[in-house]
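Q: Below is the structure I would like to discuss, written out as structure tokens.
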Amino acid sequence: MIYLPEKDYNIPNIDLLSLLFDSPLPHSNEDTVLHAEAADPSNAITKAQTRLYTRQIAYILRHRFGIGSQGAGKDVVLGVSPGQILLPTVFYGVVAAGGVWSAASYTATPAELERQIRQGNSKLIITGPDCKDVAVKAAQAAGVPLDRVLVLRSVGHERVLENLQTGQNYLQGVKAHEVLDWERITDPKALEQSLICLLYSSGTTGAPKGVNISHTNVVSEGLIPYFMDREYVARKKAENPNFENPYRTLAHLPTAHIAGCQGYFINPGVMGGTVYWMEKFDFPKFLEHMKTLEITFFFTVPPIYLLISLSPLVTDQFKTMRRAYSGAAPMGADLQMKAQKKLGCFINQTWGLSETTGSTTGMHWEEEELTGSVSRLLPNMRLRIVDDDGNDVEEGKEGEFLVKGPVVTTGYYNNPAATKDAFTADGWFKSGDIGLRKNGLFYIVDRKKELIKYKGLQVAPAELEAHLLSHPHIMDAAVIGVLATDGSGNEVPRAYIVADSKKVSEDEVKEFVKSHLAHYKQLRGGVIYLPAIPKSPSGKILRRELRDQAKKEAKTAKL
């Protein structure tokens, strides 16, 4: 049984940069401000300036560093920076030069960044000033020369792309001829098979994998909501010819995540609106920017909606909001209603993954949904729900979601084994999420894969387990996700270990993880000591037994 959307759209065969800068589709003109600093909106760049920076950076990357000189999709450039207004132009410039943008988290440790550099064989690193020290350590460990580490600075009206070793600012004194145009691509197969971005998704075993993202993926994920929005505006204008639908969003999520990468680099440009960039998320500043910048649209995650619903600081900051979206984890109806009351608009729950370039489900603007579903299937998507044997289940029964559509990745970077495992023989992507369909709506109920999702970021239990086992006093370990106690819907990692608590305390175990791994991988769910880790005869950890134990412990704690 294949579930179909209400309609499909005709997605044009066009590359990303031609869509943003050449196409008549975006509702923007040459002087439309595309990117601005939230703390200082006068620090901004227009569409014309964004295009020029893109072409200049592409020239720098090609002629100074050889990016794309041997053909497109071969040279991986690692990018790691908090939000700043020229960060999108660096992303566009990498694509225009023929390179591949490897999106890295600015909270990564040197070891994690080194692994990503090696995994993509990156020969060039572009970092923000806050990440410089970590990037240098990672580059040195990975054997990348420091003259191939560039530091981007565009906060406070700076326009700097500086060579870390020589100090040269490549954006200073650029000559008129020092620009490079991107390749215009219209061949459907070339667009589908292109590689322009790597987003890192943790697997159930081993290190995170690079998800291949193509022109077709990002263009489709940008145009589908755009076409839906255009239909909505047409309906509203039929009722009121003076109806306007301004698009202003606030960049507050990491751009290493699909929500930030697609949501700030691409979709607002398609919509023809402005992205106001925060360097890092700060809740009081977030509220201040919402009000002063008159934000009309944003996508965020359930923990931030929880903050909004509970905080006495929230008053009238969201009075200009038209529509809000939620993703990364399901949100309960109670939280949704409380958050909607504070926002004054509907919240649209979506479902998707890095491997689907973001959302594959969503609701119409005018439709409120309060049953906890992740909405309806978006146009151009196809979905099946299957049992453990790959057989389609009856409607209303639980099974794994399989998806097809133009947003689905072609696979994992230089990892044919993982790619093969992720798809069925006839090309359906296996999401690993367990859910059901009822009354035309989809619901997520469990996760087949073992990933832990914390604030939209993925944590692989196997990575934490491998690190724990490197401790001399830990003989065995297993990690699962447990629900956070703050009602946010977040999962937090909990470690079950075989160890002598007199030799290594819970605090020492937590510190051992804290000193080596990123903040979202910390053992916020605690450390439990066991005489033995439950395993199958083949040696696989029986995580379901640990999850059942955790549920019993949670019930006991409530009594």
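Ligands are numbered from 1 in the order shown, residues from 1 within each chain, and chains are lettered A, B, ... in the order they appear in the structure tokens.
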Would you please give, as a PyMOL selection string, all residues of range 138-191 of chain A that DSSP assigns to alpha helix (DSSP H) based on the backbone?

A: chain A and resi 138-142+188-191

Q: Take the residues just selected and output them with C-alpha atoms as a short mmCIF file (atom, residue, chain, number, x, y, z; two decimals), in the first residue's frame.

A:
```cif
data_model
loop_
_atom_site.label_atom_id
_atom_site.label_comp_id
_atom_site.auth_asym_id
_atom_site.auth_seq_id
_atom_site.Cartn_x
_atom_site.Cartn_y
_atom_site.Cartn_z
CA ALA A 138 41.39 19.25 14.22
CA ALA A 139 43.23 20.43 11.10
CA GLN A 140 46.63 19.69 12.61
CA ALA A 141 45.51 16.25 13.76
CA ALA A 142 44.09 15.49 10.30
CA PRO A 188 17.43 15.86 -14.58
CA LYS A 189 19.89 12.99 -14.13
CA ALA A 190 22.83 15.34 -13.50
CA LEU A 191 20.79 17.24 -10.92
#
```

Q: Show me, as a tab-separated table, the residues of range 427-455 of chain A having an atom within 7 Å of range 389-409 of chain A, each with the closest atom pair and its distance in Å, using only C-alpha atoms.

A:
```
residue	atom	partner	partner_atom	distance
A:Trp428	CA	A:Val403	CA	5.6
A:Phe429	CA	A:Val403	CA	5.2
A:Lys430	CA	A:Leu402	CA	4.8
A:Ser431	CA	A:Phe401	CA	5.8
A:Gly432	CA	A:Glu400	CA	6.1
A:Asp433	CA	A:Glu400	CA	5.6
A:Ile434	CA	A:Glu400	CA	4.4
A:Gly435	CA	A:Glu398	CA	5.2
A:Leu436	CA	A:Glu398	CA	4.8
A:Arg437	CA	A:Gly396	CA	5.3
A:Lys438	CA	A:Gly396	CA	5.4
```

Q: Kindly indicate which residue among A:Trp351, A:Trp101, A:Phe91, A:Tyr496 lies nearest to Leu152 in chain A, using only C-alpha atoms for the distances.

A: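 Smallest distance to Leu152 in chain A is found for A:Phe91.
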
Q: Residues at most 12 Å from range 241-244 of chain A, counting only C-alpha atoms, excluding those fewer than 6 positions away in the same chain, as a ChimeraX atom specification?

A: /A:27,229-230,232-235,296,322

Q: For the residues selected in the previous step, produce a file with N, CA and C atoms as a PDB file, in the first residue's frame.

A:
```pdb
ATOM      1  N   HIS A  27      10.042  35.594  -4.657  1.00  0.00           N
ATOM      2  CA  HIS A  27       9.390  36.904  -4.559  1.00  0.00           C
ATOM      3  C   HIS A  27      10.395  37.926  -4.034  1.00  0.00           C
ATOM      4  N   ASP A 229       2.684  27.719  -0.307  1.00  0.00           N
ATOM      5  CA  ASP A 229       2.497  29.084   0.171  1.00  0.00           C
ATOM      6  C   ASP A 229       1.858  29.952  -0.904  1.00  0.00           C
ATOM      7  N   ARG A 230       2.290  29.765  -2.142  1.00  0.00           N
ATOM      8  CA  ARG A 230       1.746  30.558  -3.251  1.00  0.00           C
ATOM      9  C   ARG A 230       0.250  30.305  -3.428  1.00  0.00           C
ATOM     10  N   TYR A 232      -1.783  29.331  -1.032  1.00  0.00           N
ATOM     11  CA  TYR A 232      -2.439  29.945   0.128  1.00  0.00           C
ATOM     12  C   TYR A 232      -2.641  31.435  -0.092  1.00  0.00           C
ATOM     13  N   VAL A 233      -1.586  32.111  -0.563  1.00  0.00           N
ATOM     14  CA  VAL A 233      -1.667  33.555  -0.795  1.00  0.00           C
ATOM     15  C   VAL A 233      -2.719  33.864  -1.862  1.00  0.00           C
ATOM     16  N   ALA A 234      -2.793  33.033  -2.895  1.00  0.00           N
ATOM     17  CA  ALA A 234      -3.797  33.248  -3.945  1.00  0.00           C
ATOM     18  C   ALA A 234      -5.209  33.150  -3.379  1.00  0.00           C
ATOM     19  N   ARG A 235      -5.432  32.171  -2.485  1.00  0.00           N
ATOM     20  CA  ARG A 235      -6.756  32.039  -1.860  1.00  0.00           C
ATOM     21  C   ARG A 235      -7.081  33.261  -0.997  1.00  0.00           C
ATOM     22  N   THR A 296       7.842  36.781  11.155  1.00  0.00           N
ATOM     23  CA  THR A 296       6.537  36.266  10.715  1.00  0.00           C
ATOM     24  C   THR A 296       6.492  34.743  10.614  1.00  0.00           C
ATOM     25  N   ARG A 322       2.957  34.579  11.724  1.00  0.00           N
ATOM     26  CA  ARG A 322       1.915  34.058  10.841  1.00  0.00           C
ATOM     27  C   ARG A 322       1.828  32.534  10.928  1.00  0.00           C
TER      28      ARG A 322
END
```

Q: Go through A:Leu195, A:Ala422, A:Val179, A:Ala44 one by one, measure the shortest atom-to-atom distance of each to Glu355 in chain A using only C-alpha atoms, and give the residue with the smallest value.

A: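 Smallest distance to Glu355 in chain A is found for A:Ala422.
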
Q: Do a neighbour search on Leu457 in chain A at 9 Å with only C-alpha atoms, toss out local chain neighbours closer than 3 positions, and write the hits as a list in words.

A: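 Final neighbour list, sorted by chain and number: Ser201, His257, Ala328, Ile452, Lys453, Tyr454 and Tyr520 of chain A.
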
Q: Name the residues in contact with Ile258 in chain A at a cut-off of 8 Å, using only C-alpha atoms, excluding same-chain residues fewer than 3 positions from it; report them as a JSON list (two decimals) with C-alpha atoms, in the first residue's frame.

A:
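Output (selection.json):
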```json
[["chain", "number", "residue", "atom", "x", "y", "z"],
["A", 199, "LEU", "CA", 24.96, 16.45, 6.40],
["A", 255, "THR", "CA", 23.35, 25.20, 10.34],
["A", 261, "CYS", "CA", 21.04, 24.38, 6.51],
["A", 262, "GLN", "CA", 17.88, 24.08, 4.40],
["A", 263, "GLY", "CA", 15.88, 26.45, 6.59],
["A", 353, "LEU", "CA", 15.30, 13.37, 8.51],
["A", 354, "SER", "CA", 18.64, 14.54, 7.17],
["A", 357, "THR", "CA", 16.50, 16.90, 3.33],
["A", 358, "GLY", "CA", 14.01, 17.86, 6.03]]
```

Q: Can you write out as a Markdown table which residues of range 18-64 of chain A fall within 9 Å of range 279-294 of chain A, alongside each residue's closest atom pair and its distance in Å to one decimal, counting only C-alpha atoms and ordering rows by chain and ascending residue number?

A:
```
| residue | atom | partner | partner_atom | distance |
| --- | --- | --- | --- | --- |
| A:Glu37 | CA | A:Glu279 | CA | 8.6 |
| A:Ala38 | CA | A:His289 | CA | 6.5 |
| A:Ala39 | CA | A:His289 | CA | 7.5 |
| A:Pro41 | CA | A:Leu293 | CA | 8.4 |
```

Q: So that I have them on file, write out the residues from the current selection with N, CA and C atoms, as an mmCIF file, in the first residue's frame.

A:
```cif
data_model
loop_
_atom_site.group_PDB
_atom_site.id
_atom_site.type_symbol
_atom_site.label_atom_id
_atom_site.label_comp_id
_atom_site.auth_asym_id
_atom_site.auth_seq_id
_atom_site.Cartn_x
_atom_site.Cartn_y
_atom_site.Cartn_z
ATOM 1 N N GLU A 37 22.082 40.767 10.283
ATOM 2 C CA GLU A 37 22.451 40.413 11.651
ATOM 3 C C GLU A 37 21.302 40.792 12.584
ATOM 4 N N ALA A 38 20.830 39.835 13.364
ATOM 5 C CA ALA A 38 19.685 40.085 14.235
ATOM 6 C C ALA A 38 19.972 41.194 15.239
ATOM 7 N N ALA A 39 21.193 41.218 15.800
ATOM 8 C CA ALA A 39 21.548 42.211 16.810
ATOM 9 C C ALA A 39 21.804 43.588 16.206
ATOM 10 N N PRO A 41 20.539 44.963 12.526
ATOM 11 C CA PRO A 41 19.973 44.749 11.181
ATOM 12 C C PRO A 41 20.576 45.621 10.097
#
```

Q: Check the DSSP output for the backbone and give back, as a list in words, the residues of range 122-246 of chain A in strand (DSSP E).

A: Leu124, Ile125, Ile126, Thr127, Val149, Leu150, Val151, Leu152, Arg153, Val160, Leu161, Glu162, Asn163, Cys197, Leu198, Leu199, Tyr200, Ser201, Lys209, Gly210, Val211, Asn212 and Ile213 of chain A

Q: Give me the residues within 10 Å of Ala518 in chain A as a PDB file with N, CA and C atoms, in the first residue's frame, counting only C-alpha atoms and dropping any in the same chain fewer than 4 places off.

A:
```pdb
ATOM      1  N   SER A 105      29.199  20.835  13.168  1.00  0.00           N
ATOM      2  CA  SER A 105      28.642  21.517  14.333  1.00  0.00           C
ATOM      3  C   SER A 105      29.695  22.376  15.016  1.00  0.00           C
ATOM      4  N   TYR A 106      29.308  23.616  15.354  1.00  0.00           N
ATOM      5  CA  TYR A 106      30.271  24.487  16.040  1.00  0.00           C
ATOM      6  C   TYR A 106      30.480  24.067  17.501  1.00  0.00           C
ATOM      7  N   THR A 107      29.738  23.064  17.977  1.00  0.00           N
ATOM      8  CA  THR A 107      29.968  22.536  19.323  1.00  0.00           C
ATOM      9  C   THR A 107      30.848  21.284  19.299  1.00  0.00           C
ATOM     10  N   ALA A 108      31.311  20.888  18.120  1.00  0.00           N
ATOM     11  CA  ALA A 108      32.123  19.674  18.006  1.00  0.00           C
ATOM     12  C   ALA A 108      33.448  19.819  18.740  1.00  0.00           C
ATOM     13  N   THR A 109      33.934  18.708  19.247  1.00  0.00           N
ATOM     14  CA  THR A 109      35.269  18.677  19.858  1.00  0.00           C
ATOM     15  C   THR A 109      36.313  18.533  18.756  1.00  0.00           C
ATOM     16  N   PRO A 110      37.588  18.783  19.055  1.00  0.00           N
ATOM     17  CA  PRO A 110      38.620  18.583  18.035  1.00  0.00           C
ATOM     18  C   PRO A 110      38.615  17.173  17.453  1.00  0.00           C
ATOM     19  N   ALA A 111      38.407  16.162  18.297  1.00  0.00           N
ATOM     20  CA  ALA A 111      38.416  14.777  17.811  1.00  0.00           C
ATOM     21  C   ALA A 111      37.248  14.518  16.865  1.00  0.00           C
ATOM     22  N   GLU A 112      36.081  15.065  17.202  1.00  0.00           N
ATOM     23  CA  GLU A 112      34.914  14.877  16.343  1.00  0.00           C
ATOM     24  C   GLU A 112      35.096  15.595  15.016  1.00  0.00           C
ATOM     25  N   VAL A 459      22.389  11.331  18.473  1.00  0.00           N
ATOM     26  CA  VAL A 459      23.450  10.720  19.275  1.00  0.00           C
ATOM     27  C   VAL A 459      23.439   9.226  19.010  1.00  0.00           C
ATOM     28  N   VAL A 513      33.017  11.458  29.878  1.00  0.00           N
ATOM     29  CA  VAL A 513      32.313  11.731  28.622  1.00  0.00           C
ATOM     30  C   VAL A 513      32.389  13.220  28.290  1.00  0.00           C
ATOM     31  N   LYS A 514      32.167  14.058  29.296  1.00  0.00           N
ATOM     32  CA  LYS A 514      32.136  15.505  29.089  1.00  0.00           C
ATOM     33  C   LYS A 514      33.446  16.034  28.513  1.00  0.00           C
ATOM     34  N   GLN A 522      26.171  14.318  26.272  1.00  0.00           N
ATOM     35  CA  GLN A 522      26.440  14.084  27.687  1.00  0.00           C
ATOM     36  C   GLN A 522      25.397  13.165  28.313  1.00  0.00           C
TER      37      GLN A 522
END
```

Q: Within 6 Å of range 10-19 of chain A, counting only C-alpha atoms, which residues show up once you throw out same-chain ones fewer than 4 positions away? Write them as a list of chain:residue names, please.

A: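 Skipping anything fewer than 4 positions along the chain leaves A:Ser23, A:Ile185, A:Thr186, A:Pro188, A:His215, A:Val219.
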